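> What follows is work-v2.tsv, made up of TSV, C-alpha atoms:
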chain	number	residue	atom	x	y	z
R	284	MET	CA	31.49	-12.07	83.58
R	285	ALA	CA	32.40	-14.96	81.31
R	286	LEU	CA	30.76	-18.12	82.56
R	287	GLY	CA	32.05	-21.58	81.87
R	288	LEU	CA	29.86	-23.95	79.93
R	289	SER	CA	28.78	-27.40	81.00
R	290	CYS	CA	26.80	-29.76	78.82
R	291	LEU	CA	25.79	-33.38	78.59
R	292	LEU	CA	26.33	-35.30	75.40
R	293	ILE	CA	24.70	-38.58	74.48
R	294	LEU	CA	26.24	-40.46	71.59
R	295	THR	CA	23.86	-42.57	69.54
R	296	GLY	CA	20.47	-43.46	70.84
R	297	CYS	CA	19.32	-40.26	72.57
R	298	ASP	CA	18.31	-42.01	75.78
R	299	GLN	CA	20.41	-41.22	78.83
R	300	GLN	CA	21.94	-44.61	79.47
R	301	LYS	CA	25.48	-45.77	79.99
R	302	ASP	CA	27.05	-49.05	78.92
R	303	THR	CA	23.83	-50.55	77.63
R	304	SER	CA	23.22	-53.12	74.95
R	305	ASP	CA	22.04	-50.46	72.49
R	306	GLY	CA	25.47	-48.81	72.61
R	307	THR	CA	24.55	-45.42	74.05
R	308	LEU	CA	27.00	-43.47	76.19
R	309	THR	CA	26.50	-40.29	78.21
R	310	PHE	CA	29.31	-37.96	79.25
R	311	ALA	CA	29.64	-34.35	80.38
R	312	VAL	CA	31.89	-31.58	79.08
R	313	MET	CA	32.79	-28.29	80.74
R	314	GLY	CA	35.42	-25.63	80.15
R	315	ASP	CA	36.59	-22.07	80.78
R	316	VAL	CA	35.56	-22.30	84.42
R	317	PRO	CA	36.28	-20.97	87.00
R	318	TYR	CA	37.05	-17.67	85.30
R	319	GLY	CA	36.24	-14.17	86.56
R	320	LEU	CA	38.19	-10.91	86.28
R	321	THR	CA	37.63	-9.48	89.75
R	322	PRO	CA	37.86	-11.16	93.19
R	323	GLU	CA	34.07	-11.11	93.40
R	324	GLU	CA	33.66	-12.69	89.97
R	325	MET	CA	36.29	-15.32	90.74
R	326	LYS	CA	34.51	-16.30	93.93
R	327	ALA	CA	31.21	-16.52	92.06
R	328	GLU	CA	32.79	-18.69	89.35
R	329	ASP	CA	34.25	-21.02	91.97
R	330	GLU	CA	30.72	-21.52	93.26
R	331	ILE	CA	29.43	-22.10	89.73
R	332	LEU	CA	31.95	-24.90	89.25
R	333	LYS	CA	31.11	-26.44	92.62
R	334	VAL	CA	27.42	-26.45	91.73
R	335	GLN	CA	28.14	-27.95	88.30
R	336	ILE	CA	30.07	-30.78	89.93
R	337	GLN	CA	27.29	-31.37	92.46
R	338	GLU	CA	24.67	-31.49	89.71
R	339	LEU	CA	26.74	-33.88	87.61
R	340	ASN	CA	27.20	-36.11	90.64
R	341	GLN	CA	23.43	-36.60	90.70
R	342	ASN	CA	23.49	-38.07	87.20
R	343	LYS	CA	24.31	-41.72	87.73
R	344	ASP	CA	24.32	-42.37	83.97
R	345	LEU	CA	27.52	-40.43	83.28
R	346	ALA	CA	30.49	-42.44	82.07
R	347	PHE	CA	32.93	-39.58	82.71
R	348	VAL	CA	33.37	-35.80	82.87
R	349	MET	CA	35.72	-33.78	80.65
R	350	HIS	CA	37.14	-30.32	81.44
R	351	VAL	CA	38.58	-28.78	78.26
R	352	GLY	CA	40.86	-26.28	79.97
R	353	ASP	CA	41.13	-22.68	81.19
R	354	ILE	CA	40.76	-22.90	84.96
R	355	LYS	CA	41.46	-19.21	85.52
R	356	LYS	CA	41.32	-15.80	83.89
R	357	GLY	CA	43.94	-14.91	81.30
R	358	ALA	CA	46.10	-12.85	83.63
R	359	PRO	CA	48.29	-13.38	86.72
R	360	PRO	CA	48.44	-14.98	89.17
R	361	CYS	CA	49.51	-18.42	87.97
R	362	ASN	CA	50.46	-19.69	91.40
R	363	THR	CA	50.07	-22.81	93.49
R	364	ALA	CA	46.94	-21.51	95.20
R	365	VAL	CA	45.05	-21.27	91.90
R	366	PHE	CA	45.89	-24.83	90.89
R	367	GLU	CA	45.21	-26.26	94.35
R	368	LYS	CA	41.81	-24.57	94.50
R	369	VAL	CA	40.56	-26.01	91.21
R	370	ASP	CA	42.19	-29.37	91.92
R	371	ASN	CA	40.18	-29.63	95.15
R	372	ILE	CA	36.92	-28.56	93.50
R	373	LEU	CA	37.22	-31.06	90.65
R	374	ARG	CA	38.09	-33.92	92.99
R	375	ALA	CA	34.60	-33.64	94.43
R	376	SER	CA	33.33	-35.35	91.26
R	377	THR	CA	32.02	-38.85	91.79
R	378	HIS	CA	32.66	-39.65	88.12
R	379	PRO	CA	36.09	-40.08	86.48
R	380	LEU	CA	37.17	-36.60	85.42
R	381	PHE	CA	39.65	-35.74	82.69
R	382	ILE	CA	41.25	-32.35	82.14
R	383	ILE	CA	43.45	-30.96	79.38
R	384	PRO	CA	45.46	-27.71	79.50
R	385	GLY	CA	44.15	-24.27	78.62
R	386	ASP	CA	46.32	-21.33	77.64
R	387	ASN	CA	45.31	-19.24	80.67
R	388	GLU	CA	46.99	-21.61	83.11
R	389	TRP	CA	50.04	-22.34	80.98
R	390	ASN	CA	51.45	-20.45	77.99
R	391	ASP	CA	49.74	-17.15	78.80
R	392	CYS	CA	51.34	-17.11	82.25
R	393	THR	CA	54.36	-14.90	82.95
R	394	ASP	CA	56.49	-18.02	83.46
R	395	PRO	CA	55.06	-20.83	81.28
R	396	ALA	CA	57.68	-23.34	82.46
R	397	GLU	CA	56.74	-22.88	86.11
R	398	ALA	CA	53.03	-22.90	85.25
R	399	TRP	CA	53.47	-26.20	83.40
R	400	LYS	CA	55.14	-27.74	86.44
R	401	LEU	CA	52.09	-26.78	88.49
R	402	TRP	CA	49.75	-28.22	85.85
R	403	GLU	CA	51.67	-31.49	85.85
R	404	GLN	CA	51.66	-31.62	89.64
R	405	HIS	CA	47.92	-31.11	89.96
R	406	PHE	CA	46.31	-32.40	86.77
R	407	MET	CA	48.51	-34.92	84.96
R	408	ARG	CA	46.72	-38.31	84.99
R	409	PHE	CA	43.92	-36.62	86.91
R	410	ASP	CA	41.42	-39.33	85.96
R	411	GLU	CA	43.42	-41.85	87.99
R	412	HIS	CA	41.95	-40.39	91.20
R	413	TRP	CA	38.85	-42.47	90.36
R	414	PRO	CA	38.92	-46.25	89.95
R	415	ASN	CA	37.49	-46.95	86.51
R	416	GLN	CA	37.41	-49.48	83.70
R	417	LEU	CA	37.93	-47.04	80.84
R	418	GLY	CA	41.25	-48.53	79.74
R	419	VAL	CA	42.96	-45.18	79.23
R	420	GLU	CA	46.07	-45.05	77.03
R	421	ARG	CA	48.57	-42.18	77.16
R	422	GLN	CA	51.04	-40.93	74.60
R	423	PRO	CA	54.50	-41.85	75.97
R	424	GLU	CA	56.16	-38.60	74.91
R	425	ARG	CA	53.20	-36.43	75.98
R	426	GLU	CA	51.25	-37.98	78.83
R	427	GLU	CA	48.51	-35.36	78.91
R	428	ASN	CA	47.37	-36.74	75.53
R	429	PHE	CA	45.08	-39.69	76.21
R	430	ALA	CA	42.68	-42.02	74.47
R	431	PHE	CA	40.23	-44.79	75.28
R	432	THR	CA	37.26	-46.56	73.73
R	433	GLN	CA	33.81	-47.13	75.17
R	434	GLU	CA	30.70	-48.51	73.48
R	435	GLY	CA	32.38	-48.44	70.08
R	436	ILE	CA	33.40	-44.78	70.45
R	437	LEU	CA	37.02	-43.58	70.38
R	438	PHE	CA	37.72	-40.69	72.76
R	439	ALA	CA	40.97	-38.69	72.54
R	440	GLY	CA	42.23	-35.65	74.46
R	441	LEU	CA	45.00	-33.42	73.10
R	442	ASN	CA	47.18	-30.61	74.41
R	443	MET	CA	46.12	-27.98	71.88
R	444	VAL	CA	45.93	-24.56	73.49
R	445	GLY	CA	45.37	-21.11	72.03
R	446	GLY	CA	46.67	-17.84	73.37
R	447	ARG	CA	50.29	-16.73	73.32
R	448	VAL	CA	52.82	-18.64	71.24
R	449	HIS	CA	55.52	-18.65	73.91
R	450	ASP	CA	57.93	-20.87	71.97
R	451	TRP	CA	57.42	-21.65	68.27
R	452	GLN	CA	59.60	-24.75	68.37
R	453	GLU	CA	57.63	-26.14	71.31
R	454	TRP	CA	54.36	-25.44	69.52
R	455	GLU	CA	55.43	-27.12	66.29
R	456	THR	CA	56.74	-30.14	68.19
R	457	ARG	CA	53.63	-30.48	70.33
R	458	ILE	CA	51.13	-30.09	67.47
R	459	GLY	CA	53.13	-32.67	65.51
R	460	GLN	CA	52.88	-35.04	68.46
R	461	ASP	CA	49.14	-34.36	68.68
R	462	ARG	CA	48.76	-35.27	65.02
R	463	ARG	CA	50.74	-38.49	65.41
R	464	TRP	CA	48.70	-39.48	68.46
R	465	LEU	CA	45.46	-39.06	66.54
R	466	GLU	CA	46.83	-40.92	63.55
R	467	THR	CA	47.96	-43.78	65.79
R	468	GLN	CA	44.57	-44.00	67.48
R	469	PHE	CA	42.56	-43.70	64.28
R	470	LYS	CA	44.51	-46.47	62.56
R	471	ALA	CA	44.41	-48.70	65.65
R	472	HIS	CA	40.65	-48.36	66.09
R	473	ALA	CA	39.35	-47.95	62.56
R	474	SER	CA	37.90	-51.45	62.64
R	475	ASP	CA	36.58	-51.65	66.20
R	476	THR	CA	34.89	-48.25	66.64
R	477	ARG	CA	32.09	-46.46	64.82
R	478	ALA	CA	32.83	-42.82	65.68
R	479	ALA	CA	35.35	-40.62	67.47
R	480	VAL	CA	35.25	-37.69	69.89
R	481	ILE	CA	38.25	-35.36	70.13
R	482	PHE	CA	38.78	-32.91	72.99
R	483	VAL	CA	41.07	-29.86	72.76
R	484	HIS	CA	41.04	-26.45	74.38
R	485	ALA	CA	41.69	-24.05	71.50
R	486	ASN	CA	39.34	-22.93	68.79
R	487	PRO	CA	41.37	-23.85	65.68
R	488	GLY	CA	39.68	-21.38	63.32
R	489	LYS	CA	36.69	-21.08	61.01
R	490	LEU	CA	35.55	-21.30	57.42
R	491	VAL	CA	35.68	-18.04	55.51
R	492	GLU	CA	34.25	-18.18	51.98
R	493	GLY	CA	34.92	-21.90	51.80
R	494	LYS	CA	38.50	-21.67	53.07
R	495	PHE	CA	39.59	-22.60	56.58
R	496	GLU	CA	41.37	-19.76	58.36
R	497	TYR	CA	43.56	-20.85	61.27
R	498	ASN	CA	43.53	-18.84	64.48
R	499	ILE	CA	47.15	-19.91	64.94
R	500	HIS	CA	49.15	-21.19	61.97
R	501	ALA	CA	50.82	-23.90	64.09
R	502	PHE	CA	47.47	-25.74	64.19
R	503	ARG	CA	47.61	-26.43	60.46
R	504	PRO	CA	49.22	-29.93	60.40
R	505	LEU	CA	46.68	-31.29	62.86
R	506	ILE	CA	43.61	-29.70	61.30
R	507	GLU	CA	44.66	-30.63	57.76
R	508	TYR	CA	44.95	-34.23	58.91
R	509	LEU	CA	41.45	-34.08	60.38
R	510	ASP	CA	40.20	-32.62	57.11
R	511	THR	CA	41.89	-34.96	54.62
R	512	GLY	CA	43.91	-37.70	56.33
R	513	THR	CA	40.96	-39.14	58.16
R	514	GLN	CA	39.19	-39.82	54.87
R	515	THR	CA	41.46	-42.85	54.51
R	516	ASP	CA	42.61	-43.55	58.09
R	517	TYR	CA	39.25	-43.07	59.80
R	518	PRO	CA	36.31	-42.45	57.43
R	519	LYS	CA	33.77	-42.28	60.23
R	520	PRO	CA	31.88	-39.54	62.11
R	521	ILE	CA	34.12	-37.32	64.25
R	522	LEU	CA	32.91	-34.92	66.94
R	523	PHE	CA	35.52	-32.22	67.67
R	524	ILE	CA	34.90	-30.45	70.99
R	525	HIS	CA	36.88	-27.40	72.05
R	526	GLY	CA	36.66	-24.68	74.69
R	527	ASP	CA	37.94	-21.10	74.61
R	528	GLY	CA	34.87	-19.50	73.05
R	529	HIS	CA	32.53	-19.34	76.08
R	530	LYS	CA	29.50	-19.98	73.86
R	531	TRP	CA	27.88	-23.15	72.55
R	532	ILE	CA	28.40	-23.28	68.78
R	533	GLU	CA	27.78	-26.25	66.50
R	534	ASP	CA	29.24	-26.15	63.01
R	535	HIS	CA	30.50	-28.43	60.24
R	536	PRO	CA	33.70	-26.90	58.79
R	537	PHE	CA	34.81	-30.09	57.03
R	538	PRO	CA	33.05	-32.56	54.72
For the structure just supplied, provide its representation as structure tokens.

Amino acid sequence: MALGLSCLLILTGCDQQKDTSDGTLTFAVMGDVPYGLTPEEMKAEDEILKVQIQELNQNKDLAFVMHVGDIKKGAPPCNTAVFEKVDNILRASTHPLFIIPGDNEWNDCTDPAEAWKLWEQHFMRFDEHWPNQLGVERQPEREENFAFTQEGILFAGLNMVGGRVHDWQEWETRIGQDRRWLETQFKAHASDTRAAVIFVHANPGKLVEGKFEYNIHAFRPLIEYLDTGTQTDYPKPILFIHGDGHKWIEDHPFP
């Protein structure tokens, strides 16, 4: 059974405090949950997610929670019941909770267009269920892409899924929009932030003998910008967090 991961991250300072004068910020990230391949596994994963939410609710230092996508196994069904179930579980969070799409609940579905309608219905602007002072901005042409700053940190979420390329034109358009959103945010906040955190679902690829190999070629414009464009637009530390792999891995594929 593939279990979803949940972790706490503390940026600068290493003491679990939020919105303090020393500029530390604590947030939680989870993804690929609930999963499960059999009815028994799916029920168990639902309980895992409920427990994760309950445990995070006990941490009063959290600024927000981030779910990086994949709320179901990579097979049918992709129906209303699946989305409603996870929607209800995540709403139990007492902290603002963001979610971005995963391929299992969208492009890997039998009918991606219908699955996207369900995602929009249940998860678009999901963080607005919680009153907060995060000052979230959204990309006008792609509202699931968001950004905000807290404690001198730029946070950005992007619709970058893996899985099946259901429509090459849609993928190229969307990844281009992702790139422009990052470029816009980096240029806008180069002078008022000290680091950035980017959330996506897909694993973009890995270094092989010093060369980056893309898991899906459509990712290239975005990843190349992160590799080279940010050296001029945003020459500051960047933490890139993705789901899809089901294991905690820390690497440094770019200079």
> Residues within 10 Å of range 503-516 of chain R, please, as a ChimeraX atom specification. Count all atoms listed in the file; anything in the same chain fewer than 4 positions from it doesn't count.
/R:443,455,458-463,465-473,487-488,495-499,520-521,523,536-538
> Need the shell around Phe482 in chain R: protein/DNA/RNA residues with any atom at most 8 Å away, counting all atoms listed in the file. Skip same-chain ones fewer than 2 positions apart. Format as a list in words?
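Returned residues: Val351, Phe438, Ala439, Gly440, Leu441, Val480, His484, Phe523, Ile524 and His525 of chain R.
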> Point out the residue among R:Gln422, R:Thr363, R:Ser376, R:Gln341 with the least atom-to-atom distance to Trp399 in chain R, counting all atoms listed in the file.
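Once distances to Trp399 in chain R are computed over all atoms listed in the file, the minimum belongs to R:Thr363.
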> Please list as a list in words every residue within 10 Å of Val448 in chain R, counting all atoms listed in the file and excluding residues in the same chain fewer than 4 positions away.
Asp386, Asn390, Asp391, Val444, Gln452, Glu453, Trp454, Ile499 and Ala501 of chain R
> Using all atoms listed in the file, pick whichever of R:Cys361, R:Leu373, R:Leu345, R:Val483 has the shortest atom-to-atom distance to Val316 in chain R.
R:Leu373
> What does the distance from CA of Pro518 in chain R to CA of Gly314 in chain R come to in Å, to one decimal?
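About the pair CA of Pro518 in chain R and CA of Gly314 in chain R: they are 28.3 Å apart.
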> Nearest residue to Ala398 in chain R out of R:Thr377, R:Pro360, R:Trp413, R:Asp315, using all atoms listed in the file?
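Comparing R:Thr377, R:Pro360, R:Trp413, R:Asp315 against Ala398 in chain R, the winner is R:Pro360.
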> Which one is closest to Gly357 in chain R: R:Leu437, R:Cys392, R:Leu401, R:Ala311? Count all atoms listed in the file.
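Smallest distance to Gly357 in chain R is found for R:Cys392.
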> Choose the residue, out of R:Thr307, R:Asn362, R:Asn342, R:Asn442, that has the smallest atom-to-atom separation from Thr393 in chain R; count all atoms listed in the file.
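Going through R:Thr307, R:Asn362, R:Asn342, R:Asn442 one by one, the smallest distance to Thr393 in chain R is for R:Asn362.
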> Closest to Pro395 in chain R among R:Phe429, R:Asp527, R:Arg447, R:Glu323, using all atoms listed in the file?
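Closest to Pro395 in chain R of all the choices is R:Arg447.
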> Show which residues sit within 6 Å of Pro317 in chain R, as a ChimeraX atom specification. Count all atoms listed in the file, and ignore same-chain residues fewer than 2 positions away.
/R:328-329,354-355
